[in-house]
Each structure stands twice: as structure tokens, then as C-alpha cells.
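Let me begin by presenting the structure, written as C-alpha cells, before commenting on it.
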Amino acid sequence: MNWRSIPEDDFCLLARSYHLAAKRLAGTLDLDGGPIADFDAGPVLSMYRRAVELHLKVLVLGDGGNFLPTKPDELSVHKTRSLSWLTQFVMKIVTTLKWEDEFRAQGIEDLSQFMAFVEEVNAIDPSFHAFRLPVRTDAPRPGQGDVRRAVREFTDRADALIDLLASTADALAATWDLQRETAVPGVDLDHRDDFEPTIQ
């Protein structure tokens, strides 16, 4: 698919589609079948990784970018597969708007937990050439019988993360619309060097 031909507003629909597909595929996994079945989780987790990547890009390239001092290069954002790099922009947006207290979900209580979980998702190989089951560093490594629990825990947290990113995108769009409606006539809000959000 050529991203240049996709309207910007449709990226959020593409991100949503990856998330829905990942959830549906996760629901079909039979992880009790031994070591071969363990590999069946790879494509599911890769789809979750792609969904998170797209949701981060929606935030950075969409209305969230309006709250950055300088928007990142659009081509670089589209080309990157680094969730860590994209997350730095999202964290800057959240702190600029002072939304740290509201930016939370199940299993994500603050920005440090947000970044830590994104790092786990980032560890999933984006090119599908290798697979490593992401697990919490504070939990014992899963044995063969624990794979189902580890995958379920990961997908539950990924669902919460993706829902948080999607609701943040909606809130950013509403906040930007409000900024534009209440702007002083003659002030160019698109001039990033002079813009400082007034959201408290």
C-alpha cells in the first residue's frame, strides 16, 4: 500500500483496522498445543505492534503535531518503524498540554510505564524475520505452559494502550478545534515558533 495515496484522515481508520484484526486473530489462538503453537502468536503480536505504530503516527502527524514546537519531518515519520522515536513526540505533546494525570489506562499509570510498555512492543521485530515473546521484566520468564497467560496479558495491555492512543487522538482534535475557535483574530496558530498551548 502506498502511504502517499492515503488521505491523512484515513490513517486513523487504517490503525483501527490493524487493531481490530489483531484482536480477532488473538481470539483464535490455541496456545495449548506445545512449542509449534507458541510460534502462532508471532503474527498476532506483530499485528499489535503495527497497530501501535500506526496509532502513534496518527498522533504525531495529526492534531497532536499542532502542539509540538516543530512538527517532525512527515517523510521520516512515515518511514520509521521505531516506536521509541515516535513515543518521544507523544510524550512531548502530553507534557506540553499538562495531560500527564489524564494520560493513563489499565496497566499504564504514568509516562514512565507508558514508555516501558512501548519499549516491550518495540522489541517485536517489525520486519517479521525474528520473534521474541515480550514479557514484563518484573515477571518470571514464561515456560511452555505459561505462554497463553503471557500472550493474553500482553494483548490485554496492548488493547489498553491502543485505546489510550485513540482516545488521546480524539481529545487532541477537539482541543485543537477549540484553540482555533477561541484564537485571537489575526494570530496564526499554524506558526509553530510563536504557539504555546493555553490548555491547563
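So you can find residues: chains in the C-alpha cells are A, B, ... in the order shown, residues in each start at 1, and ligands are numbered from 1 in order.
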
Item to complete: Extract, using only C-alpha atoms, all DNA, RNA and protein residues at most 9 Å from Leu54 in chain A, discarding same-chain residues fewer than 6 positions from it, and format them as a ChimeraX atom specification.
Response: /A:11-12,14-16,18

Write the residues of the preceding selection, restricted to N, CA and C atoms, as a tab-separated table (two decimals), in the first residue's frame.
```
chain	number	residue	atom	x	y	z
A	11	PHE	N	-5.61	7.48	7.97
A	11	PHE	CA	-4.61	6.75	8.74
A	11	PHE	C	-5.20	6.23	10.04
A	12	CYS	N	-6.09	6.99	10.64
A	12	CYS	CA	-6.70	6.53	11.89
A	12	CYS	C	-7.58	5.32	11.63
A	14	LEU	N	-7.00	3.10	9.23
A	14	LEU	CA	-6.06	2.02	9.00
A	14	LEU	C	-5.52	1.48	10.33
A	15	ALA	N	-5.18	2.38	11.25
A	15	ALA	CA	-4.70	1.97	12.57
A	15	ALA	C	-5.77	1.16	13.30
A	16	ARG	N	-7.01	1.63	13.22
A	16	ARG	CA	-8.13	0.93	13.86
A	16	ARG	C	-8.30	-0.47	13.24
A	18	TYR	N	-6.01	-2.41	11.84
A	18	TYR	CA	-4.96	-3.30	12.33
A	18	TYR	C	-5.28	-3.78	13.74
```

Worksheet item: Restricting the calculation to only C-alpha atoms, which member of A:Ala116, A:Leu68, A:Leu45, A:Leu29 is positioned closest to Leu97 in chain A?
Response: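 Looking at the shortest contact to Leu97 in chain A, the residue is A:Leu68.
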
Worksheet entry | Residues of range 35-92 of chain A in alpha helix (DSSP H), written as JSON, numbers by chain | {"A": [35, 36, 37, 38, 39, 40, 41, 42, 43, 44, 45, 46, 47, 48, 49, 50, 51, 52, 53, 54, 55, 56, 57, 58, 59, 60, 61, 74, 75, 76, 77, 78, 79, 83, 84, 85, 86, 87, 88, 89, 90, 91, 92]}

Practice prompt. Skip Pro72 in chain A itself and residues of its chain fewer than 2 positions away, then list as a PyMOL selection string all residues within 10 Å of it, counting only C-alpha atoms.
Written response: chain A and resi 60-61+65+68-70+74-77+86+89

Practice prompt. Could you give me, as a ChimeraX atom specification, the residues within 12 Å of Arg157 in chain A, counting only C-alpha atoms and dropping anything in the same chain fewer than 5 positions from it?
Written response: /A:23,45,48,52,104-109,113-114,116-118,120-121,134-136,150-152,162-164

Worksheet item: How many Å separate CA of Ser112 in chain A from CA of Leu161 in chain A?
Response: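 Between these atoms lies a distance of 13.2 Å.
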
Fill in: Test item: residues at most 10 Å from Ala171 in chain A, only C-alpha atoms, excluding those fewer than 5 positions along its chain, as a PyMOL selection string
chain A and resi 63-64+165-166+176-177

Kindly export the residues of the current selection with C-alpha atoms, as a PDB file, in the first residue's frame.
```
ATOM      1  CA  ASP A  63      -3.642  17.210  15.525  1.00  0.00           C
ATOM      2  CA  GLY A  64      -1.035  16.249  18.120  1.00  0.00           C
ATOM      3  CA  LEU A 165      -3.771   6.424  21.979  1.00  0.00           C
ATOM      4  CA  ALA A 166      -7.072   6.520  20.066  1.00  0.00           C
ATOM      5  CA  TRP A 176      -7.118  21.925  18.541  1.00  0.00           C
ATOM      6  CA  ASP A 177     -10.599  22.812  17.252  1.00  0.00           C
TER       7      ASP A 177
END
```

Worksheet entry | Atom pair CA of Ile93 in chain A / CA of Lys57 in chain A: separation (Å) |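 That distance, rounded to one decimal, is 12.8 Å.
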
Worksheet entry | Distance criterion (only C-alpha atoms): nearest to Leu13 in chain A out of A:Leu172, A:Ala51, A:Asp73, A:Asp30 | A:Ala51

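What separates CA of Ala41 in chain A from CA of Phe103 in chain A is a distance of 28.8 Å.
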